[in-house]
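Here is the structure we will look at, set down as structure tokens.
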Amino acid sequence: MSPYELLRPASLDEALELIAAPDFAGRPVSGSTAISLMRRAGVLNVDSLVSLEGLRASLNRIQVGDDGQARVDALATLGEMERHAALMRSHPVLAQVFVTLANPRVRNVAMIGGYLSHGDPHMDLPPVLSALDARVTARSVRGSREIPVDQLYQGYYETALAADELVTGLFIPRQPGCAYYKKVTTRARHDWPTLGIAAAFDMTGDRIGRARLFIGAATDRPKRLEQTEALVEGQPWSEALARKAAEAAVAEAPLVADNHGSMEYKQALLRAYLPEVFEQAMKTARPATRQA
Ligand SMILES: Cc1cc2nc3c(=O)[nH]c(=O)nc-3n(C[C@H](O)[C@H](O)[C@H](O)COP(=O)(O)OP(=O)(O)OC[C@H]3O[C@@H](n4cnc5c(N)ncnc54)[C@H](O)[C@@H]3O)c2cc1C
């Protein structure tokens with residue numbers, strides 16, 4: 001590993017100034033779980049790292065409103081989210097994801113801002129947060145903007161963040177009545193997914209309402225399956241609809257082969273697991289208007 005300078009700003013403004021400097025050729029660092037592996041593997045060489053650790057006290061709040069909407073500061077760790085009882089009650093699909101996301105050591109160190117900025121297409125939360133219509137706040141010396149999570153990823157390890165922007169927070173709307181995430185792995189259950197499928201929707205009587213369906217891991221970034229959403233919306237679930245939805249998903253999903261498996265293998269996984277995602281999501285059904 002090449003040597004680097006570790007900069008420790010004491011405030012968010014100072015951190016933003018540091019990464020906006022014209023001669024800055026480094027990276028911000030949150031929990032360092034991803035960046036340290038990339039440096040060790042020699043795929044990331046930088047001359048400086050801007051540690052956000054010193055800002056944690058002022059940027060690690062997790063708040064859940066009476067309306068079921070949640071705001072999470074960027075420097076909250078995944079473990080702090082997982083242990084936040086109100087957040088796990090308002091967004092139980094996140095509780096389901098955390099159980100198999102990496103391991104407690106990683107979750108206790110990785111921070112949601114660093115996690116979402118990483119851009120590894122295999123990550124579990126991006127398709128789930130996309131299905132929930134979540135958005136991040138990105139700050140720079142130029143100001144602040146919101147980026148929907150489903151527009152944050154632009155390719156393999158490529159995000160919509162500018163070099164001088166930091167993710168400072170995450171907003172998650174109320175979780176719809178039904179939501180589920182299926183992590184398909186080829187090794188241990190907490191391993192990186194080969195395919196991730198996330199669905200969120202409300203039911204109107206026995207019919208599926210507005211649905212958001214995303215896949216991850218088997219594509220170069222989380223992908224929305226809009227044709228499949230349109231096919232199921234307004235329909236009662238049935239075996240025939242399950243078969244049609246699975247075929248529609250396979251037809252529209254831009255699956256890619258990698259060391260987790262061939263494209264054909266991932267097609268077979270998507271065909272097999274898509275119905276389960278809708279069926280399990282319906283089992284999680286709870287009142288659409290009010291959170292517990
Ligand atoms: C053993 C292991 C297993 C894992 N398994 C899984 C898994 O099953 N599922 C899964 O989803 N993930 C998994 N991960 C990924 C893990 O979740 C990420 O490594 C982690 O979330 C990154 O967060 P961090 O805070 O450590 O980011 P860092 O390593 O600090 O940073 C990651 C990237 O984000 C940038 N960055 C950091 N903070 C900010 C910010 N606030 N604004 C803008 N850019 C920023 C950094 O410059 C860097 O490019 C695993 C990781 C490990 C090490």
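Note on naming: chains are A, B, ... as they come in the structure tokens, residues start from 1 per chain, ligands start from 1 in the order shown.
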Would you mind listing what lies within 10 Å of Arg56 (chain A) as an MDAnalysis selection string, with only C-alpha atoms counted and same-chain residues fewer than 5 positions away left out?
chainID A and resid 10:12 30 61 73:77 111
Emit the selected residues as a PDB file, in the first residue's frame, including N, CA, C and O atoms.
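That gives us part.pdb:
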ATOM      1  N   ALA A  10     -12.681  18.818  11.740  1.00  0.00           N
ATOM      2  CA  ALA A  10     -13.478  18.827  12.978  1.00  0.00           C
ATOM      3  C   ALA A  10     -14.920  19.231  12.707  1.00  0.00           C
ATOM      4  O   ALA A  10     -15.752  19.183  13.607  1.00  0.00           O
ATOM      5  N   SER A  11     -15.210  19.658  11.489  1.00  0.00           N
ATOM      6  CA  SER A  11     -16.590  20.054  11.185  1.00  0.00           C
ATOM      7  C   SER A  11     -16.910  19.655   9.748  1.00  0.00           C
ATOM      8  O   SER A  11     -16.003  19.430   8.919  1.00  0.00           O
ATOM      9  N   LEU A  12     -18.210  19.600   9.454  1.00  0.00           N
ATOM     10  CA  LEU A  12     -18.631  19.256   8.095  1.00  0.00           C
ATOM     11  C   LEU A  12     -18.125  20.301   7.096  1.00  0.00           C
ATOM     12  O   LEU A  12     -17.624  19.955   6.019  1.00  0.00           O
ATOM     13  N   SER A  30     -15.449   6.931   5.613  1.00  0.00           N
ATOM     14  CA  SER A  30     -16.386   6.797   6.743  1.00  0.00           C
ATOM     15  C   SER A  30     -15.949   5.639   7.614  1.00  0.00           C
ATOM     16  O   SER A  30     -15.071   5.784   8.452  1.00  0.00           O
ATOM     17  N   ARG A  61     -27.566  10.963  13.846  1.00  0.00           N
ATOM     18  CA  ARG A  61     -28.929  10.809  14.386  1.00  0.00           C
ATOM     19  C   ARG A  61     -29.790   9.928  13.487  1.00  0.00           C
ATOM     20  O   ARG A  61     -29.615   9.912  12.263  1.00  0.00           O
ATOM     21  N   ASP A  73     -28.834  10.188   9.555  1.00  0.00           N
ATOM     22  CA  ASP A  73     -27.628  10.944   9.221  1.00  0.00           C
ATOM     23  C   ASP A  73     -26.580  10.002   8.628  1.00  0.00           C
ATOM     24  O   ASP A  73     -26.512   8.814   8.986  1.00  0.00           O
ATOM     25  N   ALA A  74     -25.714  10.569   7.793  1.00  0.00           N
ATOM     26  CA  ALA A  74     -24.772   9.746   7.018  1.00  0.00           C
ATOM     27  C   ALA A  74     -23.785   8.959   7.870  1.00  0.00           C
ATOM     28  O   ALA A  74     -23.300   7.911   7.448  1.00  0.00           O
ATOM     29  N   LEU A  75     -23.476   9.467   9.076  1.00  0.00           N
ATOM     30  CA  LEU A  75     -22.439   8.789   9.850  1.00  0.00           C
ATOM     31  C   LEU A  75     -23.009   7.828  10.892  1.00  0.00           C
ATOM     32  O   LEU A  75     -22.292   7.336  11.762  1.00  0.00           O
ATOM     33  N   ALA A  76     -24.313   7.553  10.786  1.00  0.00           N
ATOM     34  CA  ALA A  76     -24.878   6.459  11.597  1.00  0.00           C
ATOM     35  C   ALA A  76     -24.358   5.153  11.014  1.00  0.00           C
ATOM     36  O   ALA A  76     -24.298   4.993   9.783  1.00  0.00           O
ATOM     37  N   THR A  77     -23.963   4.235  11.863  1.00  0.00           N
ATOM     38  CA  THR A  77     -23.482   2.948  11.346  1.00  0.00           C
ATOM     39  C   THR A  77     -24.681   2.062  10.994  1.00  0.00           C
ATOM     40  O   THR A  77     -25.799   2.276  11.485  1.00  0.00           O
ATOM     41  N   MET A 111     -20.683   2.931   7.778  1.00  0.00           N
ATOM     42  CA  MET A 111     -21.682   3.996   7.989  1.00  0.00           C
ATOM     43  C   MET A 111     -22.539   4.122   6.735  1.00  0.00           C
ATOM     44  O   MET A 111     -22.058   3.911   5.621  1.00  0.00           O
TER      45      MET A 111
END
Report as JSON lines: every residue of chain A with an atom at most 6 Å from ligand 1, its closest pair of atoms, and their distance in Å to one decimal, counting only C-alpha atoms and all ligand atoms, with rows sorted by chain and ascending residue number.
{"residue": "A:Arg27", "atom": "CA", "partner": "ligand 1", "partner_atom_place_in_ligand_line": "47 (O)", "distance": 4.4}
{"residue": "A:Pro28", "atom": "CA", "partner": "ligand 1", "partner_atom_place_in_ligand_line": "47 (O)", "distance": 4.3}
{"residue": "A:Val29", "atom": "CA", "partner": "ligand 1", "partner_atom_place_in_ligand_line": "30 (O)", "distance": 3.9}
{"residue": "A:Ser30", "atom": "CA", "partner": "ligand 1", "partner_atom_place_in_ligand_line": "30 (O)", "distance": 3.5}
{"residue": "A:Gly31", "atom": "CA", "partner": "ligand 1", "partner_atom_place_in_ligand_line": "26 (O)", "distance": 3.4}
{"residue": "A:Ser32", "atom": "CA", "partner": "ligand 1", "partner_atom_place_in_ligand_line": "29 (O)", "distance": 3.3}
{"residue": "A:Thr33", "atom": "CA", "partner": "ligand 1", "partner_atom_place_in_ligand_line": "26 (O)", "distance": 3.6}
{"residue": "A:Ala34", "atom": "CA", "partner": "ligand 1", "partner_atom_place_in_ligand_line": "29 (O)", "distance": 3.5}
{"residue": "A:Ile35", "atom": "CA", "partner": "ligand 1", "partner_atom_place_in_ligand_line": "29 (O)", "distance": 3.8}
{"residue": "A:Ala74", "atom": "CA", "partner": "ligand 1", "partner_atom_place_in_ligand_line": "41 (N)", "distance": 5.9}
{"residue": "A:Leu101", "atom": "CA", "partner": "ligand 1", "partner_atom_place_in_ligand_line": "8 (O)", "distance": 4.1}
{"residue": "A:Ala102", "atom": "CA", "partner": "ligand 1", "partner_atom_place_in_ligand_line": "5 (N)", "distance": 3.4}
{"residue": "A:Val106", "atom": "CA", "partner": "ligand 1", "partner_atom_place_in_ligand_line": "52 (C)", "distance": 6.0}
{"residue": "A:Ala110", "atom": "CA", "partner": "ligand 1", "partner_atom_place_in_ligand_line": "25 (O)", "distance": 3.6}
{"residue": "A:Met111", "atom": "CA", "partner": "ligand 1", "partner_atom_place_in_ligand_line": "25 (O)", "distance": 3.8}
{"residue": "A:Gly113", "atom": "CA", "partner": "ligand 1", "partner_atom_place_in_ligand_line": "41 (N)", "distance": 4.2}
{"residue": "A:Gly114", "atom": "CA", "partner": "ligand 1", "partner_atom_place_in_ligand_line": "38 (N)", "distance": 3.4}
{"residue": "A:Tyr115", "atom": "CA", "partner": "ligand 1", "partner_atom_place_in_ligand_line": "21 (O)", "distance": 3.4}
{"residue": "A:Ser117", "atom": "CA", "partner": "ligand 1", "partner_atom_place_in_ligand_line": "34 (O)", "distance": 4.3}
{"residue": "A:His118", "atom": "CA", "partner": "ligand 1", "partner_atom_place_in_ligand_line": "33 (C)", "distance": 3.9}
{"residue": "A:Met123", "atom": "CA", "partner": "ligand 1", "partner_atom_place_in_ligand_line": "11 (O)", "distance": 3.2}
{"residue": "A:Asp124", "atom": "CA", "partner": "ligand 1", "partner_atom_place_in_ligand_line": "11 (O)", "distance": 3.8}
{"residue": "A:Leu125", "atom": "CA", "partner": "ligand 1", "partner_atom_place_in_ligand_line": "11 (O)", "distance": 5.7}
{"residue": "A:Leu166", "atom": "CA", "partner": "ligand 1", "partner_atom_place_in_ligand_line": "42 (N)", "distance": 3.5}
{"residue": "A:Val167", "atom": "CA", "partner": "ligand 1", "partner_atom_place_in_ligand_line": "42 (N)", "distance": 3.8}
{"residue": "A:Thr168", "atom": "CA", "partner": "ligand 1", "partner_atom_place_in_ligand_line": "41 (N)", "distance": 5.8}
{"residue": "A:His190", "atom": "CA", "partner": "ligand 1", "partner_atom_place_in_ligand_line": "8 (O)", "distance": 5.5}
{"residue": "A:Asp191", "atom": "CA", "partner": "ligand 1", "partner_atom_place_in_ligand_line": "8 (O)", "distance": 4.8}
{"residue": "A:Trp192", "atom": "CA", "partner": "ligand 1", "partner_atom_place_in_ligand_line": "8 (O)", "distance": 4.0}
Skipping near chain neighbours, those fewer than 6 positions away, what residues fall within 10 Å of Ala85 (chain A) using only C-alpha atoms, listed as a list in words?
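Counting only the stated atoms, we get Val64, His91, Pro92 and Ala95 of chain A.
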Residues of region 245-266 of chain A that approach region 222-237 of chain A to 6 Å or less, counting only C-alpha atoms: could you list each one with the shortest pair of atoms and its distance in Å to one decimal, rows by chain and increasing residue number, as CSV?
residue,atom,partner,partner_atom,distance
A:Ala245,CA,A:Thr228,CA,5.7
A:Ala248,CA,A:Thr228,CA,5.6
A:Ala249,CA,A:Thr228,CA,5.7
Go ahead and dump the residues you just picked, C-alpha atoms, as an mmCIF file, in the first residue's frame.
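Final file, part-v2.cif:
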data_model
loop_
_atom_site.group_PDB
_atom_site.id
_atom_site.type_symbol
_atom_site.label_atom_id
_atom_site.label_comp_id
_atom_site.auth_asym_id
_atom_site.auth_seq_id
_atom_site.Cartn_x
_atom_site.Cartn_y
_atom_site.Cartn_z
ATOM 1 C CA ALA A 245 -44.487 -11.741 -13.938
ATOM 2 C CA ALA A 248 -41.650 -10.458 -17.854
ATOM 3 C CA ALA A 249 -38.891 -9.851 -15.298
#
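Using only C-alpha atoms, the contacts of region 273-289 of chain A at a cut-off of 6 Å, with sequence neighbours closer than 5 positions omitted, comprise Gly177, Cys178, Ala179, Tyr180, Ala242 and Ala246 of chain A.
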Hey, can you spit out that residue selection with C-alpha atoms as an mmCIF file, in the first residue's frame?
data_model
loop_
_atom_site.group_PDB
_atom_site.id
_atom_site.type_symbol
_atom_site.label_atom_id
_atom_site.label_comp_id
_atom_site.auth_asym_id
_atom_site.auth_seq_id
_atom_site.Cartn_x
_atom_site.Cartn_y
_atom_site.Cartn_z
ATOM 1 C CA GLY A 177 -48.015 -2.078 3.412
ATOM 2 C CA CYS A 178 -46.096 -4.902 1.744
ATOM 3 C CA ALA A 179 -42.322 -5.063 1.296
ATOM 4 C CA TYR A 180 -39.821 -7.872 0.972
ATOM 5 C CA ALA A 242 -46.780 -15.224 -10.946
ATOM 6 C CA ALA A 246 -41.454 -14.035 -13.695
#
Using only C-alpha atoms, which of the listed residues (A:Leu170, A:Ile197, A:Ala163, A:Val141) sits closest to Met81 (chain A)?
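Of A:Leu170, A:Ile197, A:Ala163, A:Val141, the one nearest Met81 (chain A), counting only C-alpha atoms, is A:Leu170.
Contact shell of region 150-160 of chain A at 9 Å (only C-alpha atoms; same-chain neighbours under 5 positions omitted): Leu116, Ser117, His118, Gly119, Asp120, Pro121, Pro126, Pro127, Leu129, Ser130, Ala131, Asp133, Ala134, Arg135, Val136, Phe214, Thr219, Asp220, Arg221, Pro222, Lys223 and Arg224 of chain A.
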Could you please take those selected residues and save C-alpha atoms as a short mmCIF file (atom, residue, chain, number, x, y, z; two decimals), in the first residue's frame?
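Listed below is the output, out31.cif:
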data_model
loop_
_atom_site.label_atom_id
_atom_site.label_comp_id
_atom_site.auth_asym_id
_atom_site.auth_seq_id
_atom_site.Cartn_x
_atom_site.Cartn_y
_atom_site.Cartn_z
CA LEU A 116 -24.36 4.22 -0.20
CA SER A 117 -21.40 6.04 -1.81
CA HIS A 118 -19.49 2.84 -2.46
CA GLY A 119 -21.36 1.86 -5.63
CA ASP A 120 -20.60 -1.85 -5.55
CA PRO A 121 -23.48 -3.31 -7.62
CA PRO A 126 -29.62 -0.10 -2.78
CA PRO A 127 -32.41 -2.14 -4.43
CA LEU A 129 -34.01 1.63 -0.61
CA SER A 130 -34.86 2.18 -4.29
CA ALA A 131 -38.05 0.15 -3.87
CA ASP A 133 -38.28 5.47 -2.96
CA ALA A 134 -35.59 6.71 -0.57
CA ARG A 135 -33.27 9.60 -1.35
CA VAL A 136 -29.90 10.81 -0.13
CA PHE A 214 -35.87 -3.56 -8.21
CA THR A 219 -26.85 -6.19 -12.92
CA ASP A 220 -24.23 -3.42 -13.14
CA ARG A 221 -26.40 -1.25 -10.84
CA PRO A 222 -29.83 -1.63 -9.19
CA LYS A 223 -32.43 -1.90 -11.95
CA ARG A 224 -36.11 -1.09 -11.81
#
Neighbour list for Ser48 (chain A) as a PyMOL selection string, cut-off 9 Å, only C-alpha atoms, skip fewer than 5 positions in-chain:
chain A and resi 3-7+24-28
File of the preceding selection, all heavy atoms, as a PDB file, in the first residue's frame:
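Saved as again-v5.pdb:
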ATOM      1  N   PRO A   3       1.888   5.114   0.877  1.00  0.00           N
ATOM      2  CA  PRO A   3       1.589   5.946   2.048  1.00  0.00           C
ATOM      3  C   PRO A   3       0.579   7.032   1.695  1.00  0.00           C
ATOM      4  O   PRO A   3       0.463   7.413   0.522  1.00  0.00           O
ATOM      5  CB  PRO A   3       2.948   6.565   2.394  1.00  0.00           C
ATOM      6  CG  PRO A   3       3.756   6.438   1.172  1.00  0.00           C
ATOM      7  CD  PRO A   3       3.216   5.314   0.353  1.00  0.00           C
ATOM      8  N   TYR A   4      -0.149   7.476   2.704  1.00  0.00           N
ATOM      9  CA  TYR A   4      -1.123   8.536   2.449  1.00  0.00           C
ATOM     10  C   TYR A   4      -1.231   9.433   3.685  1.00  0.00           C
ATOM     11  O   TYR A   4      -0.847   9.036   4.791  1.00  0.00           O
ATOM     12  CB  TYR A   4      -2.496   7.949   2.119  1.00  0.00           C
ATOM     13  CG  TYR A   4      -3.103   7.159   3.251  1.00  0.00           C
ATOM     14  CD1 TYR A   4      -3.941   7.774   4.181  1.00  0.00           C
ATOM     15  CD2 TYR A   4      -2.820   5.807   3.409  1.00  0.00           C
ATOM     16  CE1 TYR A   4      -4.488   7.055   5.235  1.00  0.00           C
ATOM     17  CE2 TYR A   4      -3.355   5.082   4.463  1.00  0.00           C
ATOM     18  CZ  TYR A   4      -4.188   5.709   5.366  1.00  0.00           C
ATOM     19  OH  TYR A   4      -4.716   5.001   6.414  1.00  0.00           O
ATOM     20  N   GLU A   5      -1.754  10.613   3.453  1.00  0.00           N
ATOM     21  CA  GLU A   5      -1.948  11.543   4.561  1.00  0.00           C
ATOM     22  C   GLU A   5      -3.381  11.399   5.055  1.00  0.00           C
ATOM     23  O   GLU A   5      -4.316  11.351   4.243  1.00  0.00           O
ATOM     24  CB  GLU A   5      -1.730  12.971   4.042  1.00  0.00           C
ATOM     25  CG  GLU A   5      -1.763  14.025   5.111  1.00  0.00           C
ATOM     26  CD  GLU A   5      -1.614  15.437   4.513  1.00  0.00           C
ATOM     27  OE1 GLU A   5      -1.712  15.572   3.285  1.00  0.00           O
ATOM     28  OE2 GLU A   5      -1.432  16.364   5.289  1.00  0.00           O
ATOM     29  N   LEU A   6      -3.571  11.299   6.387  1.00  0.00           N
ATOM     30  CA  LEU A   6      -4.930  11.193   6.946  1.00  0.00           C
ATOM     31  C   LEU A   6      -5.343  12.555   7.490  1.00  0.00           C
ATOM     32  O   LEU A   6      -4.738  13.065   8.438  1.00  0.00           O
ATOM     33  CB  LEU A   6      -4.971  10.140   8.049  1.00  0.00           C
ATOM     34  CG  LEU A   6      -6.367   9.858   8.615  1.00  0.00           C
ATOM     35  CD1 LEU A   6      -7.297   9.286   7.557  1.00  0.00           C
ATOM     36  CD2 LEU A   6      -6.285   8.886   9.797  1.00  0.00           C
ATOM     37  N   LEU A   7      -6.341  13.155   6.878  1.00  0.00           N
ATOM     38  CA  LEU A   7      -6.812  14.470   7.310  1.00  0.00           C
ATOM     39  C   LEU A   7      -8.029  14.280   8.201  1.00  0.00           C
ATOM     40  O   LEU A   7      -8.904  13.452   7.898  1.00  0.00           O
ATOM     41  CB  LEU A   7      -7.164  15.324   6.078  1.00  0.00           C
ATOM     42  CG  LEU A   7      -6.028  15.469   5.072  1.00  0.00           C
ATOM     43  CD1 LEU A   7      -6.526  16.032   3.753  1.00  0.00           C
ATOM     44  CD2 LEU A   7      -4.929  16.355   5.652  1.00  0.00           C
ATOM     45  N   PHE A  24      -6.932  18.653  -4.399  1.00  0.00           N
ATOM     46  CA  PHE A  24      -7.264  17.467  -3.593  1.00  0.00           C
ATOM     47  C   PHE A  24      -7.334  16.230  -4.492  1.00  0.00           C
ATOM     48  O   PHE A  24      -8.074  16.206  -5.475  1.00  0.00           O
ATOM     49  CB  PHE A  24      -8.600  17.681  -2.875  1.00  0.00           C
ATOM     50  CG  PHE A  24      -9.034  16.491  -2.058  1.00  0.00           C
ATOM     51  CD1 PHE A  24      -8.339  16.130  -0.914  1.00  0.00           C
ATOM     52  CD2 PHE A  24     -10.140  15.733  -2.434  1.00  0.00           C
ATOM     53  CE1 PHE A  24      -8.732  15.028  -0.159  1.00  0.00           C
ATOM     54  CE2 PHE A  24     -10.536  14.636  -1.683  1.00  0.00           C
ATOM     55  CZ  PHE A  24      -9.833  14.288  -0.541  1.00  0.00           C
ATOM     56  N   ALA A  25      -6.548  15.220  -4.164  1.00  0.00           N
ATOM     57  CA  ALA A  25      -6.549  13.999  -4.981  1.00  0.00           C
ATOM     58  C   ALA A  25      -6.777  12.794  -4.074  1.00  0.00           C
ATOM     59  O   ALA A  25      -6.186  11.736  -4.259  1.00  0.00           O
ATOM     60  CB  ALA A  25      -5.226  13.876  -5.725  1.00  0.00           C
ATOM     61  N   GLY A  26      -7.643  12.963  -3.081  1.00  0.00           N
ATOM     62  CA  GLY A  26      -7.891  11.879  -2.132  1.00  0.00           C
ATOM     63  C   GLY A  26      -9.339  11.451  -2.142  1.00  0.00           C
ATOM     64  O   GLY A  26     -10.074  11.697  -3.102  1.00  0.00           O
ATOM     65  N   ARG A  27      -9.756  10.794  -1.059  1.00  0.00           N
ATOM     66  CA  ARG A  27     -11.144  10.335  -0.910  1.00  0.00           C
ATOM     67  C   ARG A  27     -11.611  10.601   0.514  1.00  0.00           C
ATOM     68  O   ARG A  27     -10.815  10.516   1.459  1.00  0.00           O
ATOM     69  CB  ARG A  27     -11.240   8.809  -1.153  1.00  0.00           C
ATOM     70  CG  ARG A  27     -10.942   8.324  -2.543  1.00  0.00           C
ATOM     71  CD  ARG A  27     -12.001   8.697  -3.536  1.00  0.00           C
ATOM     72  NE  ARG A  27     -13.333   8.208  -3.151  1.00  0.00           N
ATOM     73  CZ  ARG A  27     -14.473   8.661  -3.680  1.00  0.00           C
ATOM     74  NH1 ARG A  27     -14.444   9.601  -4.598  1.00  0.00           N
ATOM     75  NH2 ARG A  27     -15.633   8.170  -3.290  1.00  0.00           N
ATOM     76  N   PRO A  28     -12.913  10.863   0.685  1.00  0.00           N
ATOM     77  CA  PRO A  28     -13.447  10.875   2.052  1.00  0.00           C
ATOM     78  C   PRO A  28     -13.534   9.435   2.550  1.00  0.00           C
ATOM     79  O   PRO A  28     -13.648   8.499   1.740  1.00  0.00           O
ATOM     80  CB  PRO A  28     -14.849  11.474   1.867  1.00  0.00           C
ATOM     81  CG  PRO A  28     -15.217  11.182   0.452  1.00  0.00           C
ATOM     82  CD  PRO A  28     -13.926  11.126  -0.334  1.00  0.00           C
TER      83      PRO A  28
END
Pick from A:Met88, A:Ala240, A:Ile172, A:Ala41: nearest to Gln69 (chain A), with only C-alpha atoms counted?
A:Ile172
Rounded to one decimal place, report the CA of Glu146 (chain A)-CA of Gly54 (chain A) distance in Å.
23.9 Å
A:Gly261, A:Pro148, A:Pro254, A:Pro9: which is nearest Val184 (chain A), counting only C-alpha atoms?
A:Gly261
When you count only C-alpha atoms, which of these residues is closest to Asn45 (chain A): A:Val99, A:Ser2, A:Ser262, A:Gly143?
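Closest candidate: A:Ser2.
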With distances taken over only C-alpha atoms, which residue among A:Thr137, A:Ala86, A:Arg39, A:Thr204 lies nearest Phe171 (chain A)?
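For Phe171 (chain A), the nearest of the candidates is A:Thr137.
Nearest residue to Ile208 (chain A), choosing from A:Ser238, A:Asn108, A:Gln267, A:Asn60 and counting only C-alpha atoms: A:Ser238.
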Quick one: pick out all strand (DSSP E or B) residues within region 19-218 of chain A from a backbone DSSP run and write them as a VMD selection string.
chain A and resid 27 to 29 48 to 51 62 to 64 70 to 73 77 111 135 to 140 143 to 148 153 to 155 158 to 159 166 to 172 178 to 184 195 to 204 207 to 216
Residue list (helix (DSSP H, G or I), DSSP) for region 100-261 of chain A, as a VMD selection string
chain A and resid 104 to 107 112 to 118 125 to 131 149 to 151 226 to 232 239 to 252
Please identify all polymer residues within 12 Å of Arg89 (chain A), counting only C-alpha atoms, omitting same-chain residues fewer than 5 positions from it, and present them as an NGL selection string.
:A and (64-66 or 68-70 or 81-84 or 94-96 or 174-175 or 286 or 290-292)
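A straight line drawn from CA of Ala211 (chain A) to CA of Ala199 (chain A) is 7.1 Å long.
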